[in-house]
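Worksheet: one structure, shown below.
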Amino acid sequence: MLAGIRTFSKSIFAKIIFGVIALSFVIWGLNASMLNLGTSREVAEIGSQRITPVELDRAFQRSVQNMQNMFGPNFNQQQAIQMGLLNNTVQSLVSQKILREDAKNIGIGISDEAVRDQIFSSDSFKDPTTGQFSRDRFLQALYQAGYTENEFINGVRGDMMSQQVVSSLTNPATVPDIMARQIVAYRNEQRSGSFFTLNKDAFADIEPADDTTLRAYHEENAAQFTAPESRNVTLATLSAADLISTVTVTDEEINDAYAQREPEFQTPEKRTVEQILFSPNEEQTAREAYKRLTEGADFMTVAKEDANMDEAMVKLGQFTANDILPDLRDATFSLDEGGISEPVETALGWHIIRVPSITPGSTQSLDEVRDIIVDGLKQFKAEDAIYDLAATFDEELGAGTPIEDAARDVGAKTYKLDGIVRGEGLAGQNVDGADEINAKIFELENGEESFLEETASGTRYVVRVENVTPSALRPFDEVRDEVVAAWTAEERQRLMMEKAEELAGNINTSGADLATLASEDGAEVRETGLTRRTGRGLADDVNPAVAAALFTLEDGKAKAVQTGEDVMIVKLDEIQAADINTADAAPVNDELKEALNEDILAQYLNYLNEEISVSVNNSVINELYQPTAAN
């Protein structure tokens with residue numbers, strides 16, 4: 001359900017049409033004149049609108065979660081801030097508030113009924129059994145997402161007001177049909193050609209370069225042979241995972257934990273439910289149908305004849321007591337297997353319930369879940385103990401105790417790590433939060449020691465930089481073999497391209513036959529088949545650069561193309577132009593219209609930014625997300 005409200009939020013609350021609000025900050029941005037809120041504790045003030053710290057944090061956490069869905073659970077808040085996601089979230093909220101303030105200034109109002117209808121129509125808040133709005137689901141979703149009812153309703157109302165402004169700006173946008181058709185024809189043009197790849201064996205023996213050439217190559221390509229800055233460090237880590245092996249639990253603790261967690265190990269009774277549903281004014285029809293059923297009539301037959309319901313409508317599936325509509329719960333779970341209820345009234349009408357089968361509930365015994373209980377207890381005790389140990393560790397470090405001694409006193413692990421390179425973890429050590437620790441290492445100066453820090457997953461650590469080896473060009477004699485290999489590979493590619501350009505020139509100037517040239521080179525000609533500019537139509541093993549080359553050539557002409565280590569001669573054989581008169585321009589028309597709408601709205605936001613007072617409190621944002629926030 002929480003995912004549902006997030007979907008709802010993205011579609012209504014905090015999103016206008018086309019997603020242009022997310023783009024607007026790129027266009028107008030925050031500037032220094034806005035950062036003047038003084039002692040205010042709000043994140044931003046936009047006219048009479050406010051962005052509170054709570055509102056920013058909700059939006060930012062939703063953004064972080066969206067990134068975690070893309071990059072995995074290890075993506076954390078610190079990485080999001082470093083990527084600029086926090087700043088983008090602030091500016092996106094500012095854009096929303098500007099539109100709301102503009103709607104308010106214009107005098108746009110949204111009735112309570114319109115807001116209610118908007119919320120009631122959301123699938124996120126509908127009971128899956130009845131398909132109707134469920135206030136319980138609505139309030140539960142708001143609670144889980146951290147919104148009060150008034151906050152959410154006001155947010156929906158504000159976005160509906162903004163929608164009125166946006167719609168008035170963007171709906172009039174039109175695109176000339178001839179423009180759309182020309183773009184479609186350009187995209188739909190198809191070409192076919194033939195090509196062969198030069199035989200690499202002919203270039204296997206490259207004459208070695210002399211030292212003068214190699215040394216010059218070494219200097220001209222210094223970046224390729226430069227060792228990155230590296231650091232030697234002393235690291236100490238303290239985590240609950242390291243303590244678990246030392247934790248013991250008693251039988252009494254296991255029994256108590258099982259009693260507390262027993263509901264986790266219970267599988268509730270499930271019942272297969274079928275129903276015949278009559279409208280609210282058909283009580284008498286429902287009772288007559290029930291009488292037929294008690295006299296032995298088939299349930300499905302009665303459903304079809306008396307209520308015009310097919311099998312898909314009758315069979316609702318399996319339910320636990322917590323899943324089914326509350327008004328039907330007692331009637332459903334008081335029936336024996338195969339039992340049929342008397343008509344039951346709900347807001348939807350009159351229901352006759354049948355329970356064809358019952359799957360009894362069950363509870364796993366302590367013996368069955370003992371390992372789970374023990375692991376959970378050990379984890380809990382380790383996490384509980386880690387707080388005291390971390391406090392002791394921090395106190396000792398603060399008193400000037402060397403890392404190694406303080407770590408030994410609390411049982412922390414210590415590491416001596418050499419050659420740490422920025423962005424490359426911890427020299428192959430499998431340490432929790434290695435990327436975060438690596439980032440911290442490169443925030444420190446030579447000889448500097450960090451405070452006791454904590455990774456996103458809870459590991460405490462402290463690190464001291466023992467030595468910094470600056471980035472430097474490695475001596476020629478040290479990397480001579482690498483220089484030879486790089487120069488040789490580059491020389492081979494140069495010679496291959498030179499040969500390919502000569503062969504392509506023979507085709508273009510004297511009409512040489514591609515197949516003959518390929519045969520002389522010991523290569524095989526391949527046909528591309530009809531392809532578009534994107535490479536659509538090419539075989540999977542053909543590089544898209546072949547298609548790109550075809551669309552730069554005149555009919556019958558050829559060119560040399562390099563793709564990685566391969567060099568090819570590509571010849572254009574056929575052009576199939578698209579018919580501009582029959583092109584389906586609708587998709588491109590929509591695409592261009594959306595682009596125009598985005599541009600119109602972005603320009604309007606620029607205008608509003610000049611007309612409406614905008615102030616962003618950078619200090620409040622930094623306090624919320626210390627120590628890494630930066631705007």
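Identifiers in the structure tokens: chain A, B, ... in order shown; residue index from 1 per chain; ligand index from 1 in order shown.
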Any idea what's packed within 12 Å of A:Ser48, counting only C-alpha atoms, ignoring anything in its chain fewer than 4 positions away? Could you give it as number ranges by chain?
A: 44, 97-105, 612-615
Writer output for current selection, all heavy atoms, as an mmCIF file, in the first residue's frame:
```cif
data_model
loop_
_atom_site.group_PDB
_atom_site.id
_atom_site.type_symbol
_atom_site.label_atom_id
_atom_site.label_comp_id
_atom_site.auth_asym_id
_atom_site.auth_seq_id
_atom_site.Cartn_x
_atom_site.Cartn_y
_atom_site.Cartn_z
ATOM 1 N N ALA A 44 12.406 26.649 2.570
ATOM 2 C CA ALA A 44 12.245 27.680 1.548
ATOM 3 C C ALA A 44 10.913 28.386 1.739
ATOM 4 O O ALA A 44 9.967 27.831 2.310
ATOM 5 C CB ALA A 44 12.322 27.071 0.143
ATOM 6 N N LYS A 97 5.874 24.744 -5.817
ATOM 7 C CA LYS A 97 5.311 25.808 -4.986
ATOM 8 C C LYS A 97 5.105 27.089 -5.787
ATOM 9 O O LYS A 97 4.149 27.836 -5.554
ATOM 10 C CB LYS A 97 6.228 26.086 -3.792
ATOM 11 C CG LYS A 97 6.445 24.897 -2.858
ATOM 12 C CD LYS A 97 5.183 24.518 -2.108
ATOM 13 C CE LYS A 97 5.483 23.409 -1.099
ATOM 14 N NZ LYS A 97 4.290 23.011 -0.326
ATOM 15 N N ILE A 98 6.003 27.354 -6.734
ATOM 16 C CA ILE A 98 5.834 28.552 -7.573
ATOM 17 C C ILE A 98 4.527 28.462 -8.358
ATOM 18 O O ILE A 98 3.762 29.425 -8.459
ATOM 19 C CB ILE A 98 7.039 28.708 -8.528
ATOM 20 C CG1 ILE A 98 8.230 29.293 -7.775
ATOM 21 C CG2 ILE A 98 6.696 29.588 -9.714
ATOM 22 C CD1 ILE A 98 9.455 29.521 -8.625
ATOM 23 N N LEU A 99 4.259 27.279 -8.923
ATOM 24 C CA LEU A 99 3.017 27.113 -9.684
ATOM 25 C C LEU A 99 1.798 27.229 -8.775
ATOM 26 O O LEU A 99 0.769 27.795 -9.155
ATOM 27 C CB LEU A 99 3.022 25.770 -10.412
ATOM 28 C CG LEU A 99 3.896 25.712 -11.674
ATOM 29 C CD1 LEU A 99 3.981 24.293 -12.191
ATOM 30 C CD2 LEU A 99 3.351 26.639 -12.749
ATOM 31 N N ARG A 100 1.890 26.682 -7.569
ATOM 32 C CA ARG A 100 0.771 26.800 -6.628
ATOM 33 C C ARG A 100 0.536 28.264 -6.233
ATOM 34 O O ARG A 100 -0.605 28.710 -6.134
ATOM 35 C CB ARG A 100 1.041 25.960 -5.383
ATOM 36 C CG ARG A 100 1.004 24.463 -5.641
ATOM 37 C CD ARG A 100 1.132 23.685 -4.354
ATOM 38 N NE ARG A 100 1.250 22.249 -4.612
ATOM 39 C CZ ARG A 100 1.366 21.330 -3.674
ATOM 40 N NH1 ARG A 100 1.403 21.698 -2.400
ATOM 41 N NH2 ARG A 100 1.459 20.058 -3.984
ATOM 42 N N GLU A 101 1.629 28.990 -5.994
ATOM 43 C CA GLU A 101 1.494 30.399 -5.629
ATOM 44 C C GLU A 101 0.888 31.188 -6.776
ATOM 45 O O GLU A 101 0.034 32.070 -6.568
ATOM 46 C CB GLU A 101 2.859 30.967 -5.250
ATOM 47 C CG GLU A 101 2.843 32.408 -4.771
ATOM 48 C CD GLU A 101 2.205 32.577 -3.405
ATOM 49 O OE1 GLU A 101 1.810 31.567 -2.783
ATOM 50 O OE2 GLU A 101 2.084 33.739 -2.957
ATOM 51 N N ASP A 102 1.297 30.869 -7.996
ATOM 52 C CA ASP A 102 0.734 31.550 -9.157
ATOM 53 C C ASP A 102 -0.763 31.258 -9.279
ATOM 54 O O ASP A 102 -1.562 32.168 -9.540
ATOM 55 C CB ASP A 102 1.461 31.098 -10.422
ATOM 56 C CG ASP A 102 1.007 31.842 -11.663
ATOM 57 O OD1 ASP A 102 0.887 33.080 -11.603
ATOM 58 O OD2 ASP A 102 0.762 31.186 -12.685
ATOM 59 N N ALA A 103 -1.143 29.990 -9.080
ATOM 60 C CA ALA A 103 -2.559 29.626 -9.142
ATOM 61 C C ALA A 103 -3.360 30.381 -8.090
ATOM 62 O O ALA A 103 -4.474 30.849 -8.343
ATOM 63 C CB ALA A 103 -2.724 28.124 -8.946
ATOM 64 N N LYS A 104 -2.774 30.514 -6.900
ATOM 65 C CA LYS A 104 -3.446 31.252 -5.823
ATOM 66 C C LYS A 104 -3.595 32.718 -6.194
ATOM 67 O O LYS A 104 -4.658 33.329 -5.985
ATOM 68 C CB LYS A 104 -2.640 31.101 -4.534
ATOM 69 C CG LYS A 104 -3.204 31.861 -3.352
ATOM 70 C CD LYS A 104 -2.298 31.689 -2.132
ATOM 71 C CE LYS A 104 -2.787 32.548 -0.977
ATOM 72 N NZ LYS A 104 -1.866 32.469 0.189
ATOM 73 N N ASN A 105 -2.533 33.329 -6.742
ATOM 74 C CA ASN A 105 -2.584 34.740 -7.119
ATOM 75 C C ASN A 105 -3.609 35.004 -8.217
ATOM 76 O O ASN A 105 -4.268 36.049 -8.243
ATOM 77 C CB ASN A 105 -1.200 35.204 -7.578
ATOM 78 C CG ASN A 105 -0.181 35.216 -6.445
ATOM 79 O OD1 ASN A 105 -0.553 35.214 -5.264
ATOM 80 N ND2 ASN A 105 1.099 35.223 -6.782
ATOM 81 N N ILE A 612 7.762 36.155 -8.451
ATOM 82 C CA ILE A 612 7.405 35.651 -7.123
ATOM 83 C C ILE A 612 8.676 35.535 -6.279
ATOM 84 O O ILE A 612 9.684 34.991 -6.729
ATOM 85 C CB ILE A 612 6.714 34.278 -7.225
ATOM 86 C CG1 ILE A 612 5.380 34.424 -7.966
ATOM 87 C CG2 ILE A 612 6.477 33.660 -5.850
ATOM 88 C CD1 ILE A 612 4.691 33.103 -8.258
ATOM 89 N N SER A 613 8.611 36.035 -5.061
ATOM 90 C CA SER A 613 9.761 36.002 -4.161
ATOM 91 C C SER A 613 10.088 34.557 -3.772
ATOM 92 O O SER A 613 9.226 33.824 -3.282
ATOM 93 C CB SER A 613 9.460 36.818 -2.903
ATOM 94 O OG SER A 613 10.468 36.640 -1.934
ATOM 95 N N VAL A 614 11.343 34.158 -4.007
ATOM 96 C CA VAL A 614 11.802 32.811 -3.675
ATOM 97 C C VAL A 614 13.031 32.917 -2.781
ATOM 98 O O VAL A 614 14.009 33.563 -3.148
ATOM 99 C CB VAL A 614 12.155 32.000 -4.938
ATOM 100 C CG1 VAL A 614 12.683 30.626 -4.560
ATOM 101 C CG2 VAL A 614 10.946 31.881 -5.850
ATOM 102 N N SER A 615 12.961 32.295 -1.607
ATOM 103 C CA SER A 615 14.101 32.281 -0.688
ATOM 104 C C SER A 615 14.347 30.851 -0.220
ATOM 105 O O SER A 615 13.422 30.178 0.228
ATOM 106 C CB SER A 615 13.833 33.172 0.532
ATOM 107 O OG SER A 615 13.670 34.522 0.138
#
```
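Closest approach to A:Asp590 among A:Pro343, A:Pro326, A:Pro176, A:Gly155 is made by A:Pro176 (distances from only C-alpha atoms).
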Closest to A:Ala439 among A:Gln79, A:Thr528, A:Asn589, A:Asn609, using only C-alpha atoms?
A:Gln79
Could you list, with a cut-off of 9 Å and counting only C-alpha atoms, the residues of stretch 415-504 of chain A near stretch 396-410 of chain A, each shown with its nearest atom pair and the distance in Å rounded to one decimal, rows sorted by chain and ascending number, as CSV?
```
residue,atom,partner,partner_atom,distance
A:Phe451,CA,A:Leu397,CA,8.2
A:Leu452,CA,A:Leu397,CA,8.0
A:Val462,CA,A:Ile403,CA,7.6
A:Val463,CA,A:Ile403,CA,8.1
A:Arg464,CA,A:Ile403,CA,8.1
```
Selected residues written out, all heavy atoms, as a short mmCIF file (atom, residue, chain, number, x, y, z; two decimals), in the first residue's frame:
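Listed below is the output, selection_25.cif:
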```cif
data_model
loop_
_atom_site.label_atom_id
_atom_site.label_comp_id
_atom_site.auth_asym_id
_atom_site.auth_seq_id
_atom_site.Cartn_x
_atom_site.Cartn_y
_atom_site.Cartn_z
N PHE A 451 36.97 11.25 12.64
CA PHE A 451 36.18 10.96 13.82
C PHE A 451 35.67 9.53 13.69
O PHE A 451 35.84 8.88 12.65
CB PHE A 451 35.00 11.94 13.95
CG PHE A 451 35.42 13.35 14.21
CD1 PHE A 451 35.30 14.32 13.22
CD2 PHE A 451 35.94 13.73 15.44
CE1 PHE A 451 35.67 15.63 13.45
CE2 PHE A 451 36.33 15.03 15.68
CZ PHE A 451 36.20 15.99 14.68
N LEU A 452 35.02 9.03 14.73
CA LEU A 452 34.36 7.73 14.64
C LEU A 452 33.13 7.92 13.75
O LEU A 452 32.20 8.63 14.10
CB LEU A 452 33.95 7.21 16.02
CG LEU A 452 33.35 5.80 16.02
CD1 LEU A 452 34.37 4.77 15.55
CD2 LEU A 452 32.84 5.43 17.42
N VAL A 462 36.96 4.15 12.12
CA VAL A 462 37.84 5.31 12.22
C VAL A 462 39.05 5.00 11.34
O VAL A 462 39.50 3.85 11.26
CB VAL A 462 38.26 5.58 13.68
CG1 VAL A 462 38.99 4.40 14.28
CG2 VAL A 462 39.11 6.85 13.77
N VAL A 463 39.56 6.00 10.65
CA VAL A 463 40.65 5.78 9.71
C VAL A 463 41.68 6.89 9.84
O VAL A 463 41.33 8.05 10.09
CB VAL A 463 40.11 5.69 8.25
CG1 VAL A 463 39.48 6.99 7.82
CG2 VAL A 463 41.22 5.28 7.29
N ARG A 464 42.95 6.51 9.70
CA ARG A 464 44.04 7.48 9.75
C ARG A 464 44.88 7.32 8.48
O ARG A 464 45.25 6.20 8.11
CB ARG A 464 44.91 7.25 10.99
CG ARG A 464 46.07 8.26 11.12
CD ARG A 464 46.87 8.06 12.41
NE ARG A 464 47.55 6.78 12.43
CZ ARG A 464 47.36 5.86 13.38
NH1 ARG A 464 46.51 6.07 14.37
NH2 ARG A 464 48.02 4.72 13.33
#
```
Please provide the set of residues having any atom within 9 Å of A:Arg271, restricted to only C-alpha atoms, with same-chain residues fewer than 3 positions apart removed, written as a ChimeraX atom specification.
/A:317-321,332-333,337,355-360
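With only C-alpha atoms as the atoms that count, the minimum distance from A:Glu565 to the choices A:Ala489, A:Ala578, A:Ile441, A:Ala427 is reached by A:Ala489.
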Can you list, as a VMD selection string, all residues belonging to stretch 39-281 of chain A that DSSP tags as alpha helix (DSSP H)?
chain A and resid 53 to 71 77 to 82 85 to 106 112 to 120 135 to 145 149 to 170 177 to 188 211 to 220 240 to 243 251 to 261
Neighbouring residues of A:Asp555 were defined as those with any atom within 7 Å, considering only C-alpha atoms; residues of the same chain fewer than 5 positions away were excluded. Please report them as number ranges by chain.
A: 572-574
Let's have the selection written as a PDB file, in the first residue's frame, with all heavy atoms.
```
ATOM      1  N   LEU A 572      27.464   1.310 -49.684  1.00  0.00           N
ATOM      2  CA  LEU A 572      26.007   1.488 -49.778  1.00  0.00           C
ATOM      3  C   LEU A 572      25.504   0.924 -51.098  1.00  0.00           C
ATOM      4  O   LEU A 572      25.972   1.315 -52.172  1.00  0.00           O
ATOM      5  CB  LEU A 572      25.657   2.977 -49.667  1.00  0.00           C
ATOM      6  CG  LEU A 572      24.183   3.346 -49.870  1.00  0.00           C
ATOM      7  CD1 LEU A 572      23.306   2.670 -48.817  1.00  0.00           C
ATOM      8  CD2 LEU A 572      23.992   4.856 -49.827  1.00  0.00           C
ATOM      9  N   ASP A 573      24.506   0.007 -51.009  1.00  0.00           N
ATOM     10  CA  ASP A 573      23.987  -0.647 -52.218  1.00  0.00           C
ATOM     11  C   ASP A 573      22.600  -0.163 -52.614  1.00  0.00           C
ATOM     12  O   ASP A 573      22.247  -0.162 -53.794  1.00  0.00           O
ATOM     13  CB  ASP A 573      23.930  -2.166 -52.007  1.00  0.00           C
ATOM     14  CG  ASP A 573      25.313  -2.766 -51.804  1.00  0.00           C
ATOM     15  OD1 ASP A 573      26.273  -2.254 -52.408  1.00  0.00           O
ATOM     16  OD2 ASP A 573      25.432  -3.733 -51.028  1.00  0.00           O
ATOM     17  N   GLU A 574      21.761   0.218 -51.632  1.00  0.00           N
ATOM     18  CA  GLU A 574      20.369   0.554 -51.961  1.00  0.00           C
ATOM     19  C   GLU A 574      19.823   1.552 -50.961  1.00  0.00           C
ATOM     20  O   GLU A 574      20.135   1.509 -49.765  1.00  0.00           O
ATOM     21  CB  GLU A 574      19.505  -0.713 -51.936  1.00  0.00           C
ATOM     22  CG  GLU A 574      18.033  -0.462 -52.267  1.00  0.00           C
ATOM     23  CD  GLU A 574      17.174  -1.707 -52.109  1.00  0.00           C
ATOM     24  OE1 GLU A 574      17.728  -2.757 -51.695  1.00  0.00           O
ATOM     25  OE2 GLU A 574      15.964  -1.627 -52.373  1.00  0.00           O
TER      26      GLU A 574
END
```
Please list as a PDB file with C-alpha atoms, in the first residue's frame every residue within 10 Å of A:Gln224, counting only C-alpha atoms and excluding residues in the same chain fewer than 3 positions away.
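Heads up, here's the output in part_17.pdb:
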```pdb
ATOM      1  CA  HIS A 218      55.174   7.839 -23.357  1.00  0.00           C
ATOM      2  CA  GLU A 219      55.222  11.611 -22.828  1.00  0.00           C
ATOM      3  CA  GLU A 220      52.489  12.428 -25.361  1.00  0.00           C
ATOM      4  CA  ASN A 221      50.144   9.892 -23.718  1.00  0.00           C
ATOM      5  CA  ALA A 227      49.728   6.186 -11.534  1.00  0.00           C
ATOM      6  CA  LEU A 473      53.824   9.755 -14.506  1.00  0.00           C
ATOM      7  CA  ARG A 474      55.481   6.363 -14.050  1.00  0.00           C
ATOM      8  CA  GLU A 482      53.142  -1.228 -21.560  1.00  0.00           C
ATOM      9  CA  VAL A 483      54.312   1.601 -23.826  1.00  0.00           C
ATOM     10  CA  ALA A 486      50.100   0.528 -26.576  1.00  0.00           C
TER      11      ALA A 486
END
```
Atom-to-atom span, atom CA of A:Glu253 and atom CA of A:Asp388, Å
21.2 Å
Best match for closeness to A:Arg460 among A:Asp242, A:Gln61, A:Ser519, A:Thr509, counting only C-alpha atoms:
A:Asp242
